[in-house]
Structure formats: C-alpha cells, structure tokens
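Structure file work38.csv (CSV, C-alpha atoms and all ligand atoms) follows.
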chain,number,residue,atom,x,y,z
E,1,ASP,CA,0.0,0.0,0.0
E,2,TRP,CA,1.0,3.6,-0.6
E,3,THR,CA,2.6,5.4,2.3
E,4,ALA,CA,5.0,8.3,1.7
E,5,SER,CA,7.9,6.2,3.2
E,6,SER,CA,7.2,3.2,1.1
E,7,ILE,CA,7.1,5.4,-2.1
E,8,VAL,CA,10.4,6.9,-1.1
E,9,SER,CA,12.2,3.6,-0.5
E,10,ASP,CA,10.6,2.0,-3.6
E,11,GLN,CA,11.7,4.9,-5.8
E,12,ILE,CA,15.2,5.1,-4.3
E,13,SER,CA,15.8,1.4,-5.3
E,14,ARG,CA,14.3,2.0,-8.8
E,15,ILE,CA,16.4,5.1,-9.4
E,16,ARG,CA,19.6,3.4,-8.2
E,17,ALA,CA,18.9,0.4,-10.5
E,18,GLU,CA,18.2,2.7,-13.5
E,19,VAL,CA,21.0,5.2,-13.1
E,20,GLY,CA,23.9,3.0,-11.8
E,21,ASP,CA,27.0,5.2,-11.4
E,22,ARG,CA,26.1,7.6,-14.2
E,23,ARG,CA,25.4,11.3,-14.0
E,24,VAL,CA,22.0,13.0,-13.6
E,25,ILE,CA,20.8,16.6,-14.1
E,26,CYS,CA,17.6,18.2,-12.9
E,27,GLY,CA,16.1,21.6,-13.6
E,28,LEU,CA,14.5,23.2,-10.6
E,29,SER,CA,11.6,25.6,-11.2
E,30,GLY,CA,10.7,26.6,-7.6
E,31,GLY,CA,7.7,24.3,-7.7
E,32,VAL,CA,6.9,21.3,-5.6
E,33,ASP,CA,7.2,18.6,-8.4
E,34,SER,CA,10.7,19.3,-9.5
E,35,ALA,CA,11.9,19.8,-5.9
E,36,VAL,CA,10.4,16.5,-4.8
E,37,ALA,CA,11.7,14.6,-7.9
E,38,ALA,CA,15.2,16.1,-7.3
E,39,ALA,CA,15.2,15.3,-3.6
E,40,LEU,CA,14.3,11.7,-4.4
E,41,VAL,CA,17.1,11.4,-6.9
E,42,GLN,CA,19.5,13.0,-4.4
E,43,ARG,CA,18.6,10.5,-1.8
E,44,ALA,CA,19.2,7.7,-4.3
E,45,VAL,CA,22.4,8.7,-6.0
E,46,GLY,CA,23.8,11.7,-4.0
E,47,ASP,CA,26.5,13.6,-5.8
E,48,GLN,CA,25.9,12.0,-9.2
E,49,LEU,CA,23.0,14.5,-9.4
E,50,THR,CA,23.5,18.2,-10.3
E,51,CYS,CA,20.5,20.4,-9.9
E,52,VAL,CA,20.2,23.5,-12.2
E,53,PHE,CA,18.2,26.5,-11.3
E,54,VAL,CA,17.7,28.9,-14.2
E,55,ASP,CA,16.5,32.0,-12.4
E,56,HIS,CA,14.3,33.8,-15.0
E,57,GLY,CA,13.5,36.6,-12.7
E,58,LEU,CA,9.8,35.9,-13.0
E,59,LEU,CA,9.2,34.1,-9.7
E,60,ARG,CA,7.4,35.6,-6.8
E,61,LYS,CA,8.9,37.2,-3.7
E,62,GLY,CA,11.2,34.9,-1.8
E,63,GLU,CA,10.9,31.9,-4.2
E,64,ALA,CA,14.3,32.1,-5.7
E,65,GLU,CA,15.8,32.2,-2.2
E,66,GLN,CA,13.7,29.1,-1.3
E,67,VAL,CA,15.4,27.2,-4.1
E,68,LYS,CA,18.9,28.6,-3.5
E,69,LYS,CA,18.9,28.3,0.3
E,70,ASP,CA,16.1,26.2,1.8
E,71,PHE,CA,16.1,23.4,-0.8
E,72,VAL,CA,19.9,23.0,-0.6
E,73,GLU,CA,19.8,23.0,3.2
E,74,ALA,CA,17.0,20.4,3.3
E,75,THR,CA,18.5,18.1,0.7
E,76,GLY,CA,22.3,18.7,0.5
E,77,ALA,CA,21.9,18.7,-3.2
E,78,ASP,CA,24.6,20.1,-5.5
E,79,LEU,CA,23.0,23.2,-7.1
E,80,VAL,CA,24.1,25.4,-10.0
E,81,VAL,CA,22.3,28.7,-10.1
E,82,THR,CA,22.3,31.0,-13.2
E,83,ASP,CA,20.8,34.4,-12.8
E,84,GLU,CA,19.2,35.1,-16.2
E,85,SER,CA,16.7,37.8,-15.3
E,86,GLN,CA,18.2,40.4,-17.6
E,87,ARG,CA,18.3,38.0,-20.5
E,88,PHE,CA,14.6,37.2,-20.0
E,89,LEU,CA,13.6,40.9,-19.5
E,90,GLY,CA,15.5,41.8,-22.6
E,91,ALA,CA,13.9,39.0,-24.7
E,92,LEU,CA,10.4,40.1,-23.5
E,93,GLU,CA,10.9,43.7,-24.3
E,94,GLY,CA,8.0,45.1,-26.3
E,95,VAL,CA,6.0,41.9,-26.1
E,96,SER,CA,2.4,41.9,-25.0
E,97,ASP,CA,0.9,38.8,-26.7
E,98,PRO,CA,0.5,35.9,-24.2
E,99,GLU,CA,1.5,33.1,-26.5
E,100,THR,CA,4.5,35.0,-27.7
E,101,LYS,CA,5.6,35.6,-24.1
E,102,ARG,CA,5.3,31.8,-23.4
E,103,LYS,CA,7.3,30.9,-26.5
E,104,ILE,CA,10.1,33.4,-25.7
E,105,ILE,CA,10.3,32.2,-22.1
E,106,GLY,CA,10.4,28.6,-23.2
E,107,ARG,CA,13.1,29.2,-25.8
E,108,GLU,CA,15.3,31.3,-23.5
E,109,PHE,CA,14.9,28.8,-20.7
E,110,ILE,CA,16.0,25.9,-22.8
E,111,ARG,CA,19.0,27.9,-24.1
E,112,ALA,CA,20.0,28.9,-20.6
E,113,PHE,CA,19.6,25.3,-19.3
E,114,GLU,CA,21.7,23.9,-22.2
E,115,ASP,CA,24.5,26.4,-21.6
E,116,VAL,CA,24.7,25.2,-18.0
E,117,ALA,CA,24.4,21.5,-18.9
E,118,ARG,CA,27.2,21.7,-21.5
E,119,GLY,CA,29.6,23.2,-18.9
E,120,LEU,CA,29.0,20.4,-16.4
E,121,ASN,CA,30.8,17.0,-16.0
E,122,ASP,CA,34.0,18.4,-17.7
E,123,GLY,CA,32.0,18.7,-20.9
E,124,GLN,CA,31.2,15.0,-21.0
E,125,PRO,CA,27.6,14.3,-21.8
E,126,ILE,CA,25.2,13.7,-18.9
E,127,ASP,CA,23.0,10.6,-19.4
E,128,PHE,CA,19.8,11.3,-17.4
E,129,LEU,CA,17.4,14.2,-16.9
E,130,VAL,CA,15.0,14.2,-14.0
E,131,GLN,CA,11.5,15.4,-14.7
E,132,GLY,CA,8.7,16.0,-12.1
E,133,THR,CA,6.0,14.5,-14.3
E,134,LEU,CA,2.9,13.5,-12.3
E,135,TYR,CA,0.3,10.9,-13.2
E,136,PRO,CA,-2.3,13.5,-14.3
E,137,ASP,CA,0.4,15.0,-16.7
E,138,VAL,CA,0.9,11.5,-18.2
E,139,VAL,CA,-2.9,11.1,-18.7
E,140,GLU,CA,-3.4,14.6,-20.0
E,141,SER,CA,-0.6,14.5,-22.6
E,142,GLY,CA,-1.7,11.1,-23.8
E,143,GLY,CA,-5.3,12.3,-24.2
E,144,GLY,CA,-4.7,13.9,-27.5
E,145,ASP,CA,-8.1,15.6,-27.7
E,146,GLY,CA,-6.5,19.0,-27.8
E,147,ALA,CA,-7.9,20.2,-24.5
E,148,ALA,CA,-4.4,20.4,-23.0
E,149,ASN,CA,-3.3,22.6,-25.8
E,150,ILE,CA,-5.6,25.6,-25.3
E,151,LYS,CA,-2.5,27.3,-24.0
E,152,SER,CA,0.9,26.0,-24.9
E,153,HIS,CA,1.9,24.9,-21.4
E,154,HIS,CA,5.5,25.4,-20.8
E,155,ASN,CA,7.0,23.8,-17.8
E,156,VAL,CA,10.2,25.4,-16.7
E,157,GLY,CA,11.6,21.9,-16.0
E,158,GLY,CA,11.0,21.3,-19.7
E,159,LEU,CA,13.1,19.0,-21.9
E,160,PRO,CA,15.8,20.6,-24.0
E,161,LYS,CA,15.1,19.5,-27.5
E,162,ASP,CA,18.6,18.9,-28.9
E,163,LEU,CA,20.4,17.6,-25.8
E,164,LYS,CA,19.9,13.8,-25.5
E,165,PHE,CA,18.9,12.6,-22.1
E,166,THR,CA,17.1,9.5,-20.8
E,167,LEU,CA,14.3,10.7,-18.6
E,168,VAL,CA,14.0,9.8,-14.9
E,169,GLU,CA,10.5,10.4,-13.8
E,170,PRO,CA,10.1,9.2,-10.2
E,171,LEU,CA,6.6,10.9,-9.7
E,172,ARG,CA,5.0,9.4,-12.8
E,173,ALA,CA,2.6,7.3,-10.8
E,174,LEU,CA,1.7,9.9,-8.2
E,175,PHE,CA,-1.0,12.4,-7.6
E,176,LYS,CA,-0.3,15.8,-6.2
E,177,ASP,CA,-1.3,14.9,-2.6
E,178,GLU,CA,1.1,12.0,-2.7
E,179,VAL,CA,3.9,14.2,-4.1
E,180,ARG,CA,3.3,16.6,-1.1
E,181,ALA,CA,3.5,13.7,1.3
E,182,VAL,CA,6.7,12.5,-0.2
E,183,GLY,CA,8.1,16.0,-0.1
E,184,SER,CA,7.3,16.2,3.7
E,185,GLU,CA,8.8,12.8,4.2
E,186,LEU,CA,12.0,14.2,2.5
E,187,ASN,CA,12.0,17.2,4.9
E,188,LEU,CA,11.4,19.8,2.2
E,189,PRO,CA,10.3,23.2,3.6
E,190,ASP,CA,6.5,23.5,4.1
E,191,GLU,CA,6.5,26.6,1.9
E,192,MET,CA,7.7,24.5,-1.0
E,193,VAL,CA,5.6,21.4,-0.3
E,194,TRP,CA,2.4,23.4,0.0
E,195,ARG,CA,3.1,25.9,-2.7
E,196,GLN,CA,0.0,26.4,-4.8
E,197,PRO,CA,0.3,25.7,-8.6
E,198,PHE,CA,2.3,28.4,-10.3
E,199,PRO,CA,2.8,28.7,-14.1
E,200,GLY,CA,6.3,28.0,-15.5
E,201,PRO,CA,6.3,31.4,-17.3
E,202,GLY,CA,5.7,33.0,-13.9
E,203,LEU,CA,4.7,36.6,-13.4
E,204,ALA,CA,5.2,37.4,-17.1
E,205,ILE,CA,1.8,36.0,-17.8
E,206,ARG,CA,0.3,37.8,-14.9
E,207,ILE,CA,1.2,41.2,-16.2
E,208,ILE,CA,-1.3,42.1,-18.9
E,209,GLY,CA,0.8,44.1,-21.3
E,210,GLU,CA,4.5,44.4,-21.6
E,211,VAL,CA,6.7,43.0,-18.9
E,212,THR,CA,9.1,45.5,-17.4
E,213,GLY,CA,11.3,45.4,-14.3
E,214,GLU,CA,9.2,48.0,-12.6
E,215,ARG,CA,5.9,46.2,-13.2
E,216,LEU,CA,7.4,42.9,-12.0
E,217,GLU,CA,8.5,44.7,-8.7
E,218,LEU,CA,5.0,46.0,-8.3
E,219,LEU,CA,3.3,42.7,-8.9
E,220,ARG,CA,5.7,40.9,-6.7
E,221,GLU,CA,4.8,43.2,-3.8
E,222,ALA,CA,1.1,42.9,-4.4
E,223,ASP,CA,1.3,39.1,-4.7
E,224,ALA,CA,3.3,38.8,-1.5
E,225,ILE,CA,0.6,40.7,0.4
E,226,VAL,CA,-2.1,38.5,-1.0
E,227,ARG,CA,-0.3,35.3,-0.1
E,228,GLU,CA,0.4,36.6,3.4
E,229,GLU,CA,-3.2,37.4,4.0
E,230,ILE,CA,-4.5,34.1,2.5
E,231,ARG,CA,-2.1,32.2,4.7
E,232,ALA,CA,-3.0,34.3,7.8
E,233,ALA,CA,-6.7,33.5,7.2
E,234,GLY,CA,-5.9,29.8,7.1
E,235,LEU,CA,-7.1,29.6,3.5
E,236,ASN,CA,-3.9,28.5,1.8
E,237,ARG,CA,-4.8,24.8,1.6
E,238,LYS,CA,-8.5,25.5,0.8
E,239,ILE,CA,-7.8,27.7,-2.2
E,240,TRP,CA,-6.4,25.9,-5.2
E,241,GLN,CA,-4.5,29.0,-6.3
E,242,CYS,CA,-4.8,32.7,-6.4
E,243,PRO,CA,-3.3,34.4,-9.4
E,244,VAL,CA,-2.6,38.1,-8.7
E,245,VAL,CA,-2.7,40.0,-12.0
E,246,LEU,CA,-1.5,43.4,-12.9
E,247,LEU,CA,-3.6,45.0,-15.6
E,248,ALA,CA,-0.8,47.2,-16.6
E,249,ASN,CA,-2.5,48.5,-19.7
E,250,VAL,CA,-5.6,49.7,-17.9
E,251,HIS,CA,-5.7,53.0,-16.1
E,252,SER,CA,-8.5,54.4,-14.0
E,253,VAL,CA,-9.0,57.5,-12.0
E,254,GLY,CA,-8.6,57.5,-8.2
E,255,VAL,CA,-8.2,59.9,-5.4
E,256,GLN,CA,-5.6,59.9,-2.7
E,257,GLY,CA,-5.2,62.7,-0.2
E,258,ASP,CA,-5.9,65.9,-2.2
E,259,GLY,CA,-4.8,64.5,-5.5
E,260,ARG,CA,-6.3,62.7,-8.4
E,261,THR,CA,-4.4,59.5,-9.3
E,262,TYR,CA,-4.4,57.6,-12.6
E,263,GLY,CA,-3.2,54.1,-11.7
E,264,SER,CA,-3.5,50.5,-12.7
E,265,PRO,CA,-5.7,47.8,-11.1
E,266,ILE,CA,-4.7,44.6,-9.4
E,267,MET,CA,-7.0,41.7,-10.2
E,268,LEU,CA,-7.4,38.9,-7.6
E,269,ARG,CA,-8.3,35.5,-9.1
E,270,PRO,CA,-8.8,33.1,-6.2
E,271,VAL,CA,-10.2,29.7,-7.3
E,272,THR,CA,-11.1,26.4,-6.0
E,273,SER,CA,-10.5,23.3,-8.1
E,274,GLU,CA,-9.8,19.6,-8.1
E,275,ASP,CA,-7.4,19.4,-11.1
E,276,ALA,CA,-7.3,22.9,-12.8
E,277,MET,CA,-9.4,21.6,-15.7
E,278,THR,CA,-12.4,23.3,-14.3
E,279,ALA,CA,-12.5,25.8,-11.4
E,280,ASP,CA,-14.9,27.9,-9.4
E,281,TRP,CA,-14.2,31.3,-8.0
E,282,ALA,CA,-13.3,31.0,-4.3
E,283,ARG,CA,-15.7,32.6,-1.8
E,284,VAL,CA,-12.9,34.4,0.1
E,285,PRO,CA,-14.5,36.2,3.2
E,286,PHE,CA,-15.1,39.9,2.8
E,287,ASP,CA,-12.9,40.8,5.7
E,288,VAL,CA,-9.9,39.0,4.1
E,289,LEU,CA,-10.6,40.8,0.8
E,290,GLU,CA,-10.9,44.1,2.6
E,291,LYS,CA,-7.5,43.6,4.3
E,292,ILE,CA,-5.9,42.7,1.0
E,293,SER,CA,-7.3,45.7,-0.8
E,294,THR,CA,-6.3,48.1,1.9
E,295,ARG,CA,-2.8,46.8,2.3
E,296,ILE,CA,-2.1,46.8,-1.5
E,297,THR,CA,-3.3,50.3,-2.1
E,298,ASN,CA,-1.5,51.6,1.0
E,299,ALA,CA,1.7,49.9,0.1
E,300,LEU,CA,1.7,50.6,-3.6
E,301,PRO,CA,0.7,54.2,-4.7
E,302,GLN,CA,0.7,53.1,-8.4
E,303,ILE,CA,-2.2,50.8,-7.7
E,304,ASN,CA,-5.5,52.7,-7.0
E,305,ARG,CA,-8.0,49.8,-7.5
E,306,VAL,CA,-8.2,46.1,-6.4
E,307,ALA,CA,-10.8,44.0,-8.2
E,308,LEU,CA,-12.1,40.4,-7.8
E,309,ASP,CA,-12.6,38.0,-10.7
E,310,ILE,CA,-15.8,36.1,-10.1
E,311,THR,CA,-15.8,33.9,-13.2
E,312,SER,CA,-15.8,30.1,-13.2
E,313,LYS,CA,-13.6,28.0,-15.6
E,314,PRO,CA,-15.1,27.6,-18.2
E,315,PRO,CA,-15.7,30.1,-19.7
E,316,ALA,CA,-12.7,31.8,-18.2
E,317,THR,CA,-9.3,30.2,-17.6
E,318,ILE,CA,-7.6,30.3,-14.3
E,319,GLU,CA,-4.8,32.5,-15.5
E,320,TRP,CA,-5.6,35.8,-17.4
E,321,GLU,CA,-3.1,34.9,-20.2
E,401,LIG,P1,-5.5,27.8,-17.1
E,401,LIG,O1,-5.1,29.3,-17.1
E,401,LIG,O2,-5.3,27.2,-18.5
E,401,LIG,O3,-4.5,27.1,-16.1
E,401,LIG,O4,-6.9,27.6,-16.6
E,401,LIG,C1,-4.6,25.8,-15.7
E,401,LIG,C2,-3.5,25.5,-14.7
E,401,LIG,O5,-2.2,25.5,-15.4
E,401,LIG,C3,-1.4,26.6,-15.0
E,401,LIG,N1,-0.7,27.2,-16.1
E,401,LIG,C4,0.5,26.9,-16.5
E,401,LIG,N2,1.4,26.1,-16.0
E,401,LIG,N3,2.9,26.7,-17.7
E,401,LIG,C5,2.7,26.0,-16.6
E,401,LIG,O6,3.5,25.3,-16.1
E,401,LIG,C6,2.0,27.5,-18.3
E,401,LIG,O7,2.3,28.1,-19.4
E,401,LIG,C7,0.7,27.6,-17.7
E,401,LIG,N4,-0.4,28.3,-18.0
E,401,LIG,C8,-1.3,28.0,-17.0
E,401,LIG,C9,-2.3,27.5,-14.2
E,401,LIG,O8,-1.6,28.2,-13.2
E,401,LIG,C10,-3.3,26.6,-13.7
E,401,LIG,O9,-2.9,25.9,-12.5
Here is a file; write its structure as structure tokens.
Amino acid sequence: DWTASSIVSDQISRIRAEVGDRRVICGLSGGVDSAVAAALVQRAVGDQLTCVFVDHGLLRKGEAEQVKKDFVEATGADLVVTDESQRFLGALEGVSDPETKRKIIGREFIRAFEDVARGLNDGQPIDFLVQGTLYPDVVESGGGDGAANIKSHHNVGGLPKDLKFTLVEPLRALFKDEVRAVGSELNLPDEMVWRQPFPGPGLAIRIIGEVTGERLELLREADAIVREEIRAAGLNRKIWQCPVVLLANVHSVGVQGDGRTYGSPIMLRPVTSEDAMTADWARVPFDVLEKISTRITNALPQINRVALDITSKPPATIEWE
C-alpha cells in the first residue's frame, strides 16, 4: 500500500537500478514537483546529481531564495544557479501577446539550461534528466483531444530538444497529494511542499501588457501581500491557487489625499479546483478581501484599485493569459 515512506524507499531502489553510477541533471523551477523529484534522486544517487536553477527573474517574492537556500539546506543537493533575469527581460521587451511571451520564455529557458548543462561534467555528456512529471500529466498529454493545448503549457523543468537525455520520472505514478506527502517525508520546507500551482512562465503571464522590471516589482509586492493574508486567514490549503494579476494597460482615476491619481488595477483570481481543468471562484471572506485591498493600495501608490474575478472555468481560464 501507498505510504510516503514506502514510495520513497521504492523509488530510491528503482532510481539506483536505473542510473547506476552515471550522471544525472535536474532543472528546478521553484515548484513542488521538480523539488520532490530532485530530492528523491538526491537520496538515491547523491552527488551523481546536479540540480540546475535557471532564475528567469519571473518568480514571486522569496521563491528564488527558497530554491537557493532552503532546498539546498534540506537536501544537501549540488545546485548550480544561473541568474538570467536580464536575459529574459531583454527578450520580453515590447512583447504583450500571451503566447509570444510563453514561446520566448520557453526558448530562453532551454538555451540557458543547455548552456549550463554543457559546462558540467567536464564537458562529458550527462545521461539522465529528472522530470517532475505526475500521473495527471501523463494522462493529459496522452489524451490527444487538444484540451491540453488551449494554451501552450510550458513547464520550466522542460526538456531541452537537442540535448539527448534519458528521462528519470520518479513521480509518474503519483497524484499531487502523494507528491506533497513524499516532499514532507524528505523534509522539504513547508513553503515549498504546500506551494500552490504556479505557471512556468511565472509573473510574465500575470502582467497584462509588456513585462518591465518596474511592473514585476509592483506585482511581486502585491502578490506577497495576497499570499500573506490568505495564509493568515488559514485559506492556503483550501484555495487551489490565487493568481494576482497586474492590468498594466488599464488606467483608472482614483483619489488619494488631495490629489487625483491615474493608476492600474490589481485583479485577484482566487479559485477552488480539483485538477485545474475546471474551477470555481473562491468565496474568500469579505474581511480578508478588505484587508488585502487596503494593504495593497496603502503599500503601492501606483495601484488605485483592487478587483475580484468572479468567473468560473469555463468560460474563463484560471490565469488571465
Ligand atoms: P488555465 O489558465 O489554463 O491554467 O486555466 C490551468 C493551470 O495551469 C497553470 N498554467 C501553466 N502552468 N505553464 C505551466 O507550467 C504554463 O504556461 C501555464 N499556464 C497555465 C495555471 O496556473 C493553472 O494551475
């Protein structure tokens, strides 16, 4: 039967048998799946694993530090970090179209990952690539009815196309709750284990309009406030996820002190869901919403309105892009 510790010991022997004494690489995204997959492989083959974190500068507040510091402390994994935020910002300059953003981010990610991979192992090829593929991903990509392709889903742990690796996918038979149990069993930080789903292209698809450094900073602060208040209200594990979206192209009139303002709105998109295929808008208590609204507009003078998205999926998607 399936307990976290039996999954761990079972996977460790499978990974050892598969990998032998060869080298393994794993891309970390900041998410729970890649972190748990990497932690399992680390337990199995130790220093034969090198983790690579391509920091695209599009994560939320504190998430890059979680990978660089907390993950390494918890697992003892060998981690190579490459700060690519300027490269991604540069590549995204002038781009507003959602699918174009995704394509650029996917392309740049693979290039950055390849650059690092080629420099490892004294230039000798690395045989294995760890992927945090879950059971629902396996089913979804085998489905072939196109439903999964409404948006081109780019996972930052994604497979580089022209580097040849054999895949190691220790989570292939697991559902999310089992992955979380395994993560706790492996002593990963709670923040990481209970992280809500977050898209690979990160905050870039939560800024409606062009992505700039200034807008990223703004959204990062607003998002941190929302996450803090949702956690404080004990809602973190009840809400599937809560995208916080900056409508950077929209301006509305506000008033602050004696002056008229002309700022952008922040849109809150809290949803409940079982599997992200369908979703309902989450009935977040009014007092929590009030706190969020007050804190965001007090902290960020560029934001003069906070709005709530009350649409189910379908017809809307969870993300705004
Ligand atoms: P939508 O917006 O399609 O999102 O209702 C469904 C789930 O997928 C996540 N999402 C993504 N995840 N790369 C990802 O890794 C992407 O490009 C992407 N787009 C959406 C979204 O956060 C939600 O959990």
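When the distance limit is 9 Å and all atoms listed in the file are what count, the residues near E:Leu300, minus those fewer than 6 positions from it on the same chain, are Leu218, Glu221 and Ala222 of chain E.
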field: Nearest residue to E:Leu89 from the set E:Thr212, E:Ser5, E:Thr166, E:Thr50 (distances using all atoms listed in the file)
entry: E:Thr212
- prompt: Counting all atoms listed in the file, what is within 12 Å of E:Gln124, bar same-chain residues fewer than 5 positions away, as JSON, numbers by chain?
  reply: {"E": [22, 23, 24, 117, 118, 119]}
Go ahead and write the selection's residues with C-alpha atoms as a PDB file, keeping the file's coordinate frame.
ATOM      1  CA  ARG E  22      26.100   7.600 -14.200  1.00  0.00           C
ATOM      2  CA  ARG E  23      25.400  11.300 -14.000  1.00  0.00           C
ATOM      3  CA  VAL E  24      22.000  13.000 -13.600  1.00  0.00           C
ATOM      4  CA  ALA E 117      24.400  21.500 -18.900  1.00  0.00           C
ATOM      5  CA  ARG E 118      27.200  21.700 -21.500  1.00  0.00           C
ATOM      6  CA  GLY E 119      29.600  23.200 -18.900  1.00  0.00           C
TER       7      GLY E 119
END
Find the residues near stretch 53-57 of chain E: any atom within 7 Å, counting all atoms listed in the file, skip ones fewer than 4 places away on the same chain, and give them as a PDB file with C-alpha atoms, keeping the file's coordinate frame.
ATOM      1  CA  GLY E  27      16.100  21.600 -13.600  1.00  0.00           C
ATOM      2  CA  LEU E  28      14.500  23.200 -10.600  1.00  0.00           C
ATOM      3  CA  SER E  29      11.600  25.600 -11.200  1.00  0.00           C
ATOM      4  CA  VAL E  80      24.100  25.400 -10.000  1.00  0.00           C
ATOM      5  CA  VAL E  81      22.300  28.700 -10.100  1.00  0.00           C
ATOM      6  CA  THR E  82      22.300  31.000 -13.200  1.00  0.00           C
ATOM      7  CA  ASP E  83      20.800  34.400 -12.800  1.00  0.00           C
ATOM      8  CA  GLU E  84      19.200  35.100 -16.200  1.00  0.00           C
ATOM      9  CA  SER E  85      16.700  37.800 -15.300  1.00  0.00           C
ATOM     10  CA  PHE E  88      14.600  37.200 -20.000  1.00  0.00           C
ATOM     11  CA  ALA E 112      20.000  28.900 -20.600  1.00  0.00           C
ATOM     12  CA  PHE E 113      19.600  25.300 -19.300  1.00  0.00           C
TER      13      PHE E 113
END
task: Could you please determine the separation between atom CA of E:Arg172 and atom CA of E:Lys103 in Å, to one decimal place?
output: 25.6 Å
message: Please return as a PyMOL selection string every residue within 8 Å of (1.1, 21.9, -9.3), taking into account all atoms listed in the file and the file's own coordinates.
response: chain E and resi 31-33+176+195-198
Now that the selection is made, can you save its residues with C-alpha atoms as a tab-separated table (two decimals), keeping the file's coordinate frame?
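Written out: again_12.tsv:
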chain	number	residue	atom	x	y	z
E	31	GLY	CA	7.70	24.30	-7.70
E	32	VAL	CA	6.90	21.30	-5.60
E	33	ASP	CA	7.20	18.60	-8.40
E	176	LYS	CA	-0.30	15.80	-6.20
E	195	ARG	CA	3.10	25.90	-2.70
E	196	GLN	CA	0.00	26.40	-4.80
E	197	PRO	CA	0.30	25.70	-8.60
E	198	PHE	CA	2.30	28.40	-10.30
- request: Measuring atom to atom with all atoms listed in the file, identify which of E:Leu186, E:Val41, E:Cys26, E:Val8 is nearest to E:Gln131.
  value: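 The answer is E:Cys26, which sits nearest to E:Gln131.
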Residues near stretch 70-76 of chain E, cut-off 7 Å, only C-alpha atoms, skip fewer than 5 positions along chain, as a PyMOL selection string: chain E and resi 39+187-189
